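Student: Got a structure for you, written out below as structure tokens; questions coming shortly.
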Amino acid sequence: MPEGHVIHHLAGKMNSFYAGKTLRVTSPQGRFAAEAARLDGHALSHAEAFGKHLFVEFDADDPAHIIYIHLGLIGTLQFEPETTPRGQVRLRLSDGELAADLRGPQWCRLITEDERDAAVAKLGADPIRSDSDPAPIWQKVKRSTRSIGSLLMDQKLFAGVGNIYRAETLFRLGISPFRAGRKLQRNEFDSIWADLVGLMAEGVAAARIDTVRPEHTPEAMGREPRQDDHGGEVYTYRRTGQPCFICGTPIAEQVMEGRNLFWCPECQAK
DNA sequence: CTTGCATGTGCAT
DNA sequence: TGCACCTGCAAGT
């Protein structure tokens with residue numbers, strides 16, 4: 001259940017566990033049996049993430065030697081000691097001891113390097129990648145009549161940002177999700193980008209999303225830690241009706257871009 | 001046991 | 001704008 005930080009975290013695990021190793025590539029459930037057979041017995045050379053898109057490259061003569069995975073809303077990729085597959089394992093990579101099991105992906109395809117480049121070219125700037133340039137994104141945002149809450153969900157602009165980071169970074173900066181892109185100041189855009197870079201880098205390392213500042217943590221405020229597994233400590237995400245940690249106003253909820261948006265009407269009035 | 005919802009996207013209307 | 005897709009989990013019957 002991934003925003004970009006999870007995909008980058010997974011790419012890192014792929015590289016540390018498997019880079020340079022010859023792998024068994026199988027499809028226990030059968031869905032991707034043909035694809036698996038083409039790469040089975042080859043070495044994984046490199047895994048890399050762009051936004052929410054994961055590319056796992058193999059050393060193989062086959063032109064389509066890159067596994068292109070998108071987990072979608074419910075897909076998972078889990079590393080576990082190799083045992084009999086449980087559930088619907090669509091694809092399994094294994095070095096004989098540790099297996100990477102793919103379940104419920106949005107897609108899983110074999111592609112060529114040119115196709116990988118074309119897929120990457122469709123994405124905007126990824127706050128997690130050091131080679132990202134936010135300048136072209138600002139040029140589009142500052143001309144847009146769309147709301148910043150909508151723009152943040154657009155993968156052609158902010159690659160890897162999802163519903164939690166959208167809500168949380170806007171709260172942290174006190175920006176209304178309903179403000180049009182063209183009404184943003186340059187320094188506000190810069191703040192959003194910088195906040196995403198910091199938050200998402202932490203997310204990659206922790207493999208979860210924590211956005212509350214030290215002064216608002218459960219320990220600092222004497223409240224109970226968040227218990228659900230849908231993220232870490234956050235200000236607004238799925239806190240509808242609960243008091244804002246800063247001003248006490250009930251957190252609001254409204255669908256935007258087909259997803260539930262959460263914000264504080266007081267702290268994010270403008 | 002059944003239902004609904006979820007860190008997402010693409011396609012049909 | 002709605003909906004289909006795919007899985008896991010929590011809440012409701």
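The chains in the structure tokens are called A, B, ... from first to last as shown; in each chain the residues are counted from 1, and the ligands are counted from 1 in the order shown.
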Report as a Markdown table the residues of chain B within 9 Å of chain C, each with its shortest atom pair and distance in Å (one decimal), using only C-alpha atoms (C1' of nucleotides), ordered by chain and increasing residue number.
Tutor:
```
| residue | atom | partner | partner_atom | distance |
| --- | --- | --- | --- | --- |
| B:DC1 | C1' | C:DT13 | C1' | 8.1 |
| B:DT2 | C1' | C:DT13 | C1' | 7.3 |
| B:DT3 | C1' | C:DG12 | C1' | 7.5 |
| B:DG4 | C1' | C:DA11 | C1' | 8.5 |
| B:DC11 | C1' | C:DA4 | C1' | 8.7 |
| B:DA12 | C1' | C:DC3 | C1' | 8.5 |
| B:DT13 | C1' | C:DG2 | C1' | 8.1 |
```
Student: Can you check which residues of region 30-126 of chain A DSSP gives as alpha helix (DSSP H) on the backbone and send them as a PyMOL selection string?
Tutor: chain A and resi 33-39+113-121
Student: What would the file look like if the residues just selected were written as a short mmCIF file (atom, residue, chain, number, x, y, z; two decimals), in the first residue's frame with N, CA and C atoms?
Tutor:
```
data_model
loop_
_atom_site.label_atom_id
_atom_site.label_comp_id
_atom_site.auth_asym_id
_atom_site.auth_seq_id
_atom_site.Cartn_x
_atom_site.Cartn_y
_atom_site.Cartn_z
N ALA A 33 3.51 -16.39 -15.54
CA ALA A 33 4.39 -17.54 -15.80
C ALA A 33 5.27 -17.30 -17.02
N ALA A 34 4.70 -16.74 -18.07
CA ALA A 34 5.47 -16.52 -19.30
C ALA A 34 6.59 -15.51 -19.06
N GLU A 35 6.26 -14.46 -18.36
CA GLU A 35 7.27 -13.43 -18.07
C GLU A 35 8.38 -14.00 -17.18
N ALA A 36 7.97 -14.75 -16.18
CA ALA A 36 8.94 -15.31 -15.24
C ALA A 36 9.93 -16.23 -15.96
N ALA A 37 9.42 -17.04 -16.87
CA ALA A 37 10.27 -18.01 -17.56
C ALA A 37 11.37 -17.32 -18.37
N ARG A 38 11.06 -16.15 -18.88
CA ARG A 38 12.04 -15.45 -19.72
C ARG A 38 13.23 -14.92 -18.92
N LEU A 39 13.05 -14.70 -17.63
CA LEU A 39 14.14 -14.15 -16.82
C LEU A 39 14.69 -15.16 -15.81
N GLU A 113 14.67 -1.35 -22.37
CA GLU A 113 15.23 -0.12 -21.79
C GLU A 113 14.57 1.12 -22.40
N ASP A 114 14.26 1.05 -23.69
CA ASP A 114 13.58 2.20 -24.32
C ASP A 114 12.19 2.40 -23.71
N GLU A 115 11.51 1.31 -23.45
CA GLU A 115 10.17 1.43 -22.85
C GLU A 115 10.27 1.96 -21.42
N ARG A 116 11.30 1.56 -20.71
CA ARG A 116 11.53 2.10 -19.37
C ARG A 116 11.75 3.60 -19.44
N ASP A 117 12.60 4.02 -20.37
CA ASP A 117 12.88 5.46 -20.50
C ASP A 117 11.61 6.24 -20.84
N ALA A 118 10.77 5.64 -21.69
CA ALA A 118 9.52 6.31 -22.07
C ALA A 118 8.58 6.43 -20.89
N ALA A 119 8.55 5.39 -20.06
CA ALA A 119 7.68 5.42 -18.87
C ALA A 119 8.16 6.49 -17.90
N VAL A 120 9.46 6.56 -17.71
CA VAL A 120 10.03 7.56 -16.78
C VAL A 120 9.77 8.97 -17.30
N ALA A 121 9.85 9.13 -18.61
CA ALA A 121 9.68 10.47 -19.21
C ALA A 121 8.29 11.04 -18.98
#
```
Student: What are the closest atom pairs, with distances in Å to one decimal, for all residues of chain A lying within 8 Å of chain C? Consider only C-alpha atoms (C1' of nucleotides), order rows by chain and residue number, and present the result as a Markdown table.
Tutor:
```
| residue | atom | partner | partner_atom | distance |
| --- | --- | --- | --- | --- |
| A:Ile74 | CA | C:DT7 | C1' | 5.9 |
| A:Gly75 | CA | C:DT7 | C1' | 7.0 |
| A:Arg103 | CA | C:DT7 | C1' | 7.4 |
| A:Gly104 | CA | C:DC6 | C1' | 4.6 |
| A:Pro105 | CA | C:DC6 | C1' | 6.6 |
| A:Gln106 | CA | C:DC6 | C1' | 7.0 |
```
Student: Could you check how far CA of Leu77 (chain A) sits from CA of Gly198 (chain A), in Å to one decimal?
Tutor: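 Interatomic distance, CA of Leu77 (chain A) to CA of Gly198 (chain A): 24.5 Å.
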Student: So that I can see what lies close to Asp59 (chain A), please list as number ranges by chain the residues with an atom at most 8 Å from it, counting only C-alpha atoms (C1' of nucleotides) and leaving out residues fewer than 2 positions away in the same chain.
Tutor: A: 42-45, 57, 61, 65
Student: Could I get the residues of chain B with an atom no further than 7 Å from an atom of chain A, each paired with its nearest atom pair and that distance in Å to one decimal, using only C-alpha atoms (C1' of nucleotides), sorted by chain and residue number, as a tab-separated table?
Tutor:
```
residue	atom	partner	partner_atom	distance
B:DT7	C1'	A:Pro2	CA	4.6
B:DG8	C1'	A:Gly72	CA	4.3
B:DT9	C1'	A:Gly72	CA	6.7
```
Student: In Å, with one decimal, what is the gap from CA of Ile67 (chain A) to CA of Gly160 (chain A)?
Tutor: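 The value is 18.6 Å.
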Student: Between A:Lys140, A:His53, A:Arg24, A:Arg129, which is the closest to Leu93 (chain A) once you count only C-alpha atoms?
Tutor: A:Arg24
Student: If DSSP is run on the backbone, what residues of region 54-179 of chain A are strand (DSSP E or B)? A reply as a VMD selection string would be ideal.
Tutor: chain A and resid 54 to 59 66 to 70 76 to 81 91 to 94 98 to 103 107 to 111 125 147 158
Student: Would you mind exporting N, CA and C atoms of the selected residues as a tab-separated table (two decimals), in the first residue's frame?
Tutor:
```tsv
chain	number	residue	atom	x	y	z
A	54	LEU	N	8.40	0.87	-10.16
A	54	LEU	CA	9.58	0.08	-9.81
A	54	LEU	C	10.09	-0.67	-11.04
A	55	PHE	N	11.41	-0.56	-11.30
A	55	PHE	CA	12.04	-1.23	-12.43
A	55	PHE	C	13.12	-2.15	-11.91
A	56	VAL	N	13.00	-3.43	-12.22
A	56	VAL	CA	13.97	-4.43	-11.78
A	56	VAL	C	14.65	-5.02	-13.02
A	57	GLU	N	15.92	-4.66	-13.18
A	57	GLU	CA	16.64	-5.02	-14.41
A	57	GLU	C	17.49	-6.27	-14.23
A	58	PHE	N	17.47	-7.13	-15.25
A	58	PHE	CA	18.25	-8.37	-15.23
A	58	PHE	C	19.31	-8.36	-16.32
A	59	ASP	N	20.38	-9.13	-16.09
A	59	ASP	CA	21.38	-9.37	-17.13
A	59	ASP	C	20.85	-10.50	-18.00
A	66	ILE	N	13.59	-6.04	-18.27
A	66	ILE	CA	13.28	-5.23	-17.09
A	66	ILE	C	11.86	-5.57	-16.62
A	67	ILE	N	11.72	-5.92	-15.36
A	67	ILE	CA	10.39	-6.13	-14.80
A	67	ILE	C	9.88	-4.77	-14.33
A	68	TYR	N	8.73	-4.42	-14.86
A	68	TYR	CA	8.13	-3.11	-14.56
A	68	TYR	C	6.92	-3.36	-13.67
A	69	ILE	N	7.04	-2.94	-12.42
A	69	ILE	CA	6.00	-3.22	-11.42
A	69	ILE	C	5.37	-1.93	-10.92
A	70	HIS	N	4.04	-1.92	-10.86
A	70	HIS	CA	3.33	-0.85	-10.16
A	70	HIS	C	2.38	-1.52	-9.19
A	76	THR	N	1.36	-5.65	-2.91
A	76	THR	CA	2.44	-5.76	-1.92
A	76	THR	C	3.62	-6.52	-2.53
A	77	LEU	N	4.80	-6.20	-2.05
A	77	LEU	CA	6.02	-6.93	-2.40
A	77	LEU	C	6.75	-7.18	-1.10
A	78	GLN	N	6.75	-8.44	-0.67
A	78	GLN	CA	7.27	-8.76	0.65
A	78	GLN	C	8.42	-9.74	0.58
A	79	PHE	N	9.45	-9.48	1.36
A	79	PHE	CA	10.62	-10.35	1.44
A	79	PHE	C	10.48	-11.28	2.63
A	80	GLU	N	10.53	-12.58	2.36
A	80	GLU	CA	10.39	-13.56	3.43
A	80	GLU	C	11.25	-14.78	3.13
A	81	PRO	N	11.64	-15.51	4.18
A	81	PRO	CA	12.36	-16.77	3.95
A	81	PRO	C	11.54	-17.66	3.01
A	91	LEU	N	4.18	-13.23	-8.57
A	91	LEU	CA	5.56	-13.35	-9.04
A	91	LEU	C	6.46	-13.53	-7.83
A	92	ARG	N	7.46	-14.41	-7.98
A	92	ARG	CA	8.42	-14.62	-6.89
A	92	ARG	C	9.83	-14.57	-7.44
A	93	LEU	N	10.66	-13.74	-6.81
A	93	LEU	CA	12.10	-13.74	-7.07
A	93	LEU	C	12.73	-14.40	-5.86
A	94	SER	N	13.71	-15.28	-6.10
A	94	SER	CA	14.32	-15.94	-4.95
A	94	SER	C	15.78	-16.29	-5.22
A	98	LEU	N	15.96	-16.29	0.44
A	98	LEU	CA	15.03	-15.20	0.65
A	98	LEU	C	14.19	-15.00	-0.61
A	99	ALA	N	12.87	-14.98	-0.44
A	99	ALA	CA	11.97	-14.80	-1.57
A	99	ALA	C	11.30	-13.44	-1.51
A	100	ALA	N	11.17	-12.80	-2.67
A	100	ALA	CA	10.41	-11.55	-2.79
A	100	ALA	C	9.10	-11.91	-3.47
A	101	ASP	N	7.99	-11.83	-2.73
A	101	ASP	CA	6.69	-12.25	-3.24
A	101	ASP	C	5.83	-11.04	-3.61
A	102	LEU	N	5.33	-11.06	-4.85
A	102	LEU	CA	4.49	-9.97	-5.36
A	102	LEU	C	3.03	-10.41	-5.36
A	103	ARG	N	2.19	-9.62	-4.69
A	103	ARG	CA	0.75	-9.91	-4.67
A	103	ARG	C	-0.03	-8.67	-5.09
A	107	TRP	N	0.17	-3.62	-12.10
A	107	TRP	CA	0.69	-4.28	-13.28
A	107	TRP	C	2.08	-4.82	-13.03
A	108	CYS	N	2.47	-5.77	-13.85
A	108	CYS	CA	3.79	-6.40	-13.80
A	108	CYS	C	4.08	-6.81	-15.23
A	109	ARG	N	5.02	-6.14	-15.88
A	109	ARG	CA	5.29	-6.37	-17.30
A	109	ARG	C	6.79	-6.48	-17.53
A	110	LEU	N	7.15	-7.15	-18.63
A	110	LEU	CA	8.54	-7.14	-19.06
A	110	LEU	C	8.68	-6.07	-20.12
A	111	ILE	N	9.65	-5.18	-19.94
A	111	ILE	CA	9.83	-4.09	-20.89
A	111	ILE	C	11.30	-3.94	-21.27
A	125	ALA	N	8.62	15.37	-11.36
A	125	ALA	CA	9.81	15.35	-10.51
A	125	ALA	C	9.53	14.55	-9.24
A	147	SER	N	-6.52	23.19	-8.14
A	147	SER	CA	-6.13	23.37	-6.74
A	147	SER	C	-4.80	22.64	-6.46
A	158	PHE	N	4.19	15.80	-9.47
A	158	PHE	CA	4.89	15.35	-8.26
A	158	PHE	C	4.90	13.82	-8.24
```
Student: Rounded to one decimal place, report the CA of Glu257 (chain A)-CA of Met153 (chain A) distance in Å.
Tutor: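 Interatomic distance here is 7.6 Å.
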Student: Give the answer as one residue: which of A:Asp190, A:Glu253, A:Glu48, A:Glu97 has the shortest atom-to-atom distance to Lys142 (chain A), using only C-alpha atoms?
Tutor: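 Of A:Asp190, A:Glu253, A:Glu48, A:Glu97, the one nearest Lys142 (chain A) is A:Asp190, counting only C-alpha atoms.
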